[in-house]
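Chemist: Here it is, the structure in full.
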Number of protein chains: 2
Amino acid sequence: MKTIMSSAGRRSTILEVARLAGASKTSVSRYFGDERERLSPTLQDRIAHAASTLDYQPNQMARGLKGGRSKLIGMLVADIRNPFSVAITHGVEQACRQYGYSLLVCNTDNDSEQERQHLDLLGAYQVAGLVVNATGSPETQIQAFIRHGTPVVLLDREVSNVDAEVVGLDNQLAIDSALDHLSAQGYQAVLYVSEAPEQSSTRQRRLACFNQGAQQRALSHATLLLTGDTNTRQALSHFLATHPQHACAVLCGNGNVTLTVTRLFQQLGLPLGQVGLMGIDELDWCDLVPPGITTLAQPTDAIGKTALQCLRHRITSQTSPQPTTLSFTPTLIARGSTRR
Amino acid sequence: MKTIMSSAGRRSTILEVARLAGASKTSVSRYFGDERERLSPTLQDRIAHAASTLDYQPNQMARGLKGGRSKLIGMLVADIRNPFSVAITHGVEQACRQYGYSLLVCNTDNDSEQERQHLDLLGAYQVAGLVVNATGSPETQIQAFIRHGTPVVLLDREVSNVDAEVVGLDNQLAIDSALDHLSAQGYQAVLYVSEAPEQSSTRQRRLACFNQGAQQRALSHATLLLTGDTNTRQALSHFLATHPQHACAVLCGNGNVTLTVTRLFQQLGLPLGQVGLMGIDELDWCDLVPPGITTLAQPTDAIGKTALQCLRHRITSQTSPQPTTLSFTPTLIARGSTRR
DNA sequence: AATCAAAATGGAACCGTTACCATTTCATGA
DNA sequence: TCATGAAATGGTAACGGTTCCATTTTGATT
C-alpha cells in the first residue's frame with residue numbers, strides 16, 4: 001500500500017504570492033528586485049509573509065529570459081584536476097556567492113573542441129560574465145561574447161586579439177625571483193622544464209623570461225619541454241652530464257612539471273639539494289618530500305577574487321575593457337631542495 | 001579615432017531564423033528539438049542554412065522557462081579543494097557534457113549555511129538533477145527537490161530521511177581490506193585517524209567498521225579524531241608509547257588525514273614502515289614520500305559517472321528513487337609505508 | 001478524379017518574470 | 001476644501017522558446 005504523493009510540488013510563482021498578499025505581480029517583483037524600499041511597509045510585510053508561506057523563490061530562468069542575462073558566471077578551466085586551477089576556482093566561486101552569482105564550471109581538459117562546445121553553451125545560458133583560462137585560441141568565440149556585451153576576463157593565459165583584462169602571476173618577476181634564489185644558493189647551471197608552450201601564453205612567457213634571465217645572470221642553461229615522445233629521464237641525465245663542473249638545478253614551470261620532475265629525481269636517485277629543484281606553484285606535498293621542495297606560491301585566492309571583481313566592475317559600470325594585465329607577486333617558499 | 005562597434009550584437013532568435021528560412025517558429029523549434037526527422041529534407045536544409053547564417057543557438061533560459069526544467073545539473077561539493085572531490089567532479093562534469101548538460105558546481109566549504117544558500121539557488125535554476133556531497137543534514141531542502149520531481153543522487157555521504165541513491169565507496173570493504181593488509185604485514189596495533197565524524201555518514205561508517213574489524217582481528221586499536229583543539233601530535237605519541245610491545249600502524253580515514261598524519265610522522269621523526277602508515281584515497285604524492293605511502297584508491301571517475309547515470313536514468317524514466325547504495329571497490333596500492 | 005489517412009507545416013497560447021506607463025492614494029499648501 | 005505633485009500600486013506587453021491543436025500538403029487507394 002503506497003501513499004501517493006499527489007502534490008508533485010510545483011514551485012510557487014510570483015502570481016500566487018501576489019494573490020495571497022493581495023498585491024500585484026509588479027509589487028512582488030519589486031519586492032524581490034532591488035526596489036523594495038519603494039513599497040509601503042505594510043505591503044512589504046504582506047508580501048514577505050505570503051512569500052514565506054508559499055516558500056516562494058524567484059525563478060532565475062524567467063528572470064534570465066526577461067532580462068537578457070542570467071546571474072550565472074561562466075568559468076572555463078583548462079585542467080580542473082590541477083590543484084592550482086582548483087585553488088583559483090575556489091576563489092572565484094567564493095566571490096560569486098558573495099555577490100549572488102552562481103558559477104558554471106566548464107572543464108576543457110586542455111582540449112579545444114571541448115572548449116568550443118562549452119563556450120557555445122555558456123553563450124546559450126546568457127552568462128553575466130566569463131572567466132577564461134584558455135586552452136587553445138578561442139578568439140572568435142570570445143570576441144562574440146565581448147560583442148554581445150558580456151564581460152570577459154582572462155585567467156593566467158592570454159588569448160590573442162582579445163581585449164580583456166588578464167589576471168595572473170607576474171611571470172617576469174616569478175622567473176627573476178627563481179633565478180635570483182637559485183644563483184644566490186650557488187647554482188650555476190639551470191635547466192628549465194615546461195609543458196608544451198604552444199597551448200599557453202604563460203608557458204611561453206616564462207620560457208622566454210627564463211632564457212633571457214639566465215643569460216643576464218651568466219648562468220649555464222637549457223630548457224626541456226615535456227611532450228609525450230621525448231625521453232625526459234635521458235634528457236635530464238644528459239643535462240647533468242654536460243655540466244659536471246657546475247652546481248646544477250632544475251626549475252619547473254608549473255605544478256605538474258614539479259610532480260613529474262620530482263618523480264624523475266627519485267628514479268635517478270638524485271639527491272635533492274645537491275641537485276637543486278624548484279617549482280612554480282605551491283603544492284600540498286612540497287614540504288613532505290625530504291628535504292622539502294622550494295616553490296614560488298601564487299596568491300590563488302586573490303587571483304580568483306580579483307578576476308570576479310573585474311567582471312563585476314564591468315557588469316555594473318558597463319565600461320568597455322581596459323586591457324590591463326593584473327599581475328600578482330609570487331611568494332618564495334625556500335626549502336631544502338635548493339640548499340646545497 | 002575610435003571605431004564605434006554599434007552592432008552591440010544581440011543574439012539572434014528563433015523568429016529571425018524562421019523568417020530567413022521562410023518557415024514557422026514551430027518548425028525551427030522542431031529542428032533544434034528532437035523532432036528534426038519530422039521535417040521534410042528541404043525544410044531542414046533551409047533551416048540549417050538560415051541558422052548557420054545567423055549563428056543561431058537556442059536560448060537555454062527560454063527553454064528552461066517553458067519546459068519547467070533547465071539542462072543544468074547542480075552539484076554540491078563539501079570541499080572543492082579536496083583532490084578526491086575534484087576527481088569526482090571531473091567525472092561528473094565529463095558525463096554531463098556527454099549528455100548535453102552543464103554543471104553548476106557549488107562548493108560549501110563544509111559550511112551548512114553556504115549549503116543552504118546554494119540549494120536555494122539551485123532550486124531557482126530548476127536544475128534537471130542534483131548531485132549532493134552533503135555537509136550538514138539538509139534534509140528538508142533536499143526533500144523539497146525530490147517532491148518537486150528533481151532527481152537527487154547522494155555522493156559519498158548519506159543524508160538521513162532522504163530517499164535517494166547513494167553512490168560511493170564500499171566502506172566496509174575498504175576498512176576490511178586495510179585491516180587485512182595491515183595485519184598481513186605484521187602490524188598488531190592500529191590507530192585510526194579521522195576528521196570529525198558528525199558531518200559525514202561516511203566518516204561514521206568507516207569509524208564503526210574500523211572498531212568492529214579491528215576487534216574481530218584481535219588487533220589492539222584506538223581512534224583519534226582531528227578536531228581543532230586536540231593535540232594530535234601528543235595523541236599519536238601516546239598511542240605509540242602505550243603499545244611498546246606491538247608493531248604499530250596508523251590508518252587514515254581520508255586524504256586530508258593522510259596529509260596531516262604524514263606531516264606528523266615527519267615532525268616526530270617516525271620511520272615510515274617501521275611505524276606503518278596507510279590511507280584511504282590515493283594522492284599525487286603518495287609515491288613521492290619515501291618509501292611511498294600505501295593507499296586505497298577510489299575509482300573516482302567511475303563514481304562520478306555513475307552518479308550522473310543515476311540521474312539520467314531517473315530524469316528519463318521518471319521512476320521514483322530506488323534507494324539503493326551503489327558501492328565501489330577500492331584498489332589497494334601497497335607501498336613502503338606498510339612494509340616493516 | 002475523388003477520397004482519405006498520414007505527413008508536413010503553421011498559429012497562438014503559455015512558461016514566470018520585468019519594465020514601461022497608467023492609475024490610485026496621500027500629504028501638503030493655498 | 002480643493003488643487004497639486006509625489007509616492008505607492010497596478011495593468012500589460014514583451015522576453016524566446018515549446019506544445020497543443022488546426023490546417024495544408026502529399027501520396028496511396030478506389
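By convention in this document, the chains of the C-alpha cells carry letters A, B, ... by their order, each chain's residues are numbered from 1, and ligands are numbered from 1 in the order they are shown.
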What's around DA13 of chain D at 12 Å? Count only C-alpha atoms (C1' of nucleotides), leave out sequence neighbours fewer than 5 positions away in its own chain, and write the answer as an NGL selection string.

Modeler: (:A and (66)) or (:C and (18-21))

Chemist: Using only C-alpha atoms (C1' of nucleotides), please write the residues we just selected to a file, as a short mmCIF file (atom, residue, chain, number, x, y, z; two decimals), in the first residue's frame.

Modeler:
```cif
data_model
loop_
_atom_site.label_atom_id
_atom_site.label_comp_id
_atom_site.auth_asym_id
_atom_site.auth_seq_id
_atom_site.Cartn_x
_atom_site.Cartn_y
_atom_site.Cartn_z
CA LYS A 66 13.32 38.64 -19.37
"C1'" DT C 18 10.35 42.64 -15.53
"C1'" DA C 19 9.61 47.39 -17.16
"C1'" DC C 20 7.13 50.74 -19.06
"C1'" DC C 21 3.24 53.50 -18.44
#
```

Chemist: Please determine the contact residues of chain A with respect to chain D at a cut-off of 9 Å, counting only C-alpha atoms (C1' of nucleotides), and supply them as a PyMOL selection string.

Modeler: chain A and resi 23-27+38-40+62+64-68

Chemist: Restrict the distance test to only C-alpha atoms, flag each residue of chain A within 6 Å of chain B, and return the flagged residues as a PDB file with C-alpha atoms, in the first residue's frame.

Modeler:
```pdb
ATOM      1  CA  ALA A   8       4.174  16.646  -7.073  1.00  0.00           C
ATOM      2  CA  GLY A   9       5.086  20.122  -5.896  1.00  0.00           C
ATOM      3  CA  ARG A  10       5.185  22.789  -8.499  1.00  0.00           C
ATOM      4  CA  ASN A  59      12.586  31.730 -10.968  1.00  0.00           C
ATOM      5  CA  GLN A  60      16.002  32.513 -12.309  1.00  0.00           C
ATOM      6  CA  MET A  61      15.166  31.140 -15.724  1.00  0.00           C
ATOM      7  CA  ALA A  62      12.364  33.622 -16.128  1.00  0.00           C
ATOM      8  CA  LEU A  65      14.971  35.354 -20.117  1.00  0.00           C
ATOM      9  CA  LEU A 104      29.046  27.374 -14.188  1.00  0.00           C
ATOM     10  CA  ALA A 124      23.168  29.930 -24.609  1.00  0.00           C
ATOM     11  CA  TYR A 125      22.912  30.483 -20.878  1.00  0.00           C
ATOM     12  CA  ARG A 147      30.465  41.915 -28.881  1.00  0.00           C
ATOM     13  CA  HIS A 148      27.316  40.720 -27.142  1.00  0.00           C
ATOM     14  CA  VAL A 289      59.372  15.184   0.230  1.00  0.00           C
TER      15      VAL A 289
END
```

Chemist: Would you list which chain C residues are within 9 Å of chain A using only C-alpha atoms (C1' of nucleotides), as an MDAnalysis selection string?

Modeler: chainID C and resid 15:18

Chemist: Those residues you just picked out, can you put them in a file as a CSV table (one decimal), in the first residue's frame with N, CA, C and O atoms (P, O5', C5', C4', C3', O3' and C1' of nucleotides)?

Modeler:
```csv
chain,number,residue,atom,x,y,z
C,15,DC,P,0.9,29.1,-18.0
C,15,DC,O5',2.4,28.9,-17.6
C,15,DC,C5',3.1,27.7,-17.9
C,15,DC,C4',4.6,28.0,-17.9
C,15,DC,C3',5.0,29.1,-16.9
C,15,DC,O3',5.5,28.5,-15.7
C,15,DC,C1',6.0,29.4,-19.1
C,16,DG,P,5.0,29.0,-14.3
C,16,DG,O5',5.9,30.2,-14.1
C,16,DG,C5',7.3,30.0,-14.0
C,16,DG,C4',8.0,31.3,-13.8
C,16,DG,C3',7.4,32.3,-12.7
C,16,DG,O3',8.6,32.8,-12.1
C,16,DG,C1',7.4,33.4,-14.8
C,17,DT,P,8.4,33.7,-10.8
C,17,DT,O5',9.4,34.9,-11.2
C,17,DT,C5',9.0,36.1,-11.8
C,17,DT,C4',10.0,36.6,-12.7
C,17,DT,C3',10.1,38.1,-12.6
C,17,DT,O3',11.5,38.3,-12.2
C,17,DT,C1',9.5,37.4,-14.8
C,18,DT,P,11.7,39.8,-11.5
C,18,DT,O5',11.6,40.8,-12.8
C,18,DT,C5',12.6,40.7,-13.8
C,18,DT,C4',12.4,41.7,-14.9
C,18,DT,C3',12.4,43.1,-14.5
C,18,DT,O3',13.1,43.9,-15.5
C,18,DT,C1',10.4,42.6,-15.5
```

Chemist: So that I can check the surroundings of Val153 of chain A, please list as a CSV table (one decimal) with N, CA, C and O atoms, in the first residue's frame every protein, DNA and RNA residue that reaches within 6 Å of it, counting only C-alpha atoms (C1' of nucleotides) and ignoring chain neighbours fewer than 4 positions away.

Modeler:
```
chain,number,residue,atom,x,y,z
A,131,VAL,N,34.9,33.9,-17.1
A,131,VAL,CA,36.3,33.8,-16.7
A,131,VAL,C,36.9,32.7,-17.5
A,131,VAL,O,36.5,31.6,-17.4
A,164,ALA,N,40.8,42.0,-23.2
A,164,ALA,CA,40.2,41.7,-21.9
A,164,ALA,C,41.3,41.8,-20.9
A,164,ALA,O,42.5,41.5,-21.2
A,165,GLU,N,41.0,42.1,-19.7
A,165,GLU,CA,42.0,42.0,-18.6
A,165,GLU,C,42.5,40.6,-18.5
A,165,GLU,O,41.8,39.6,-18.7
```
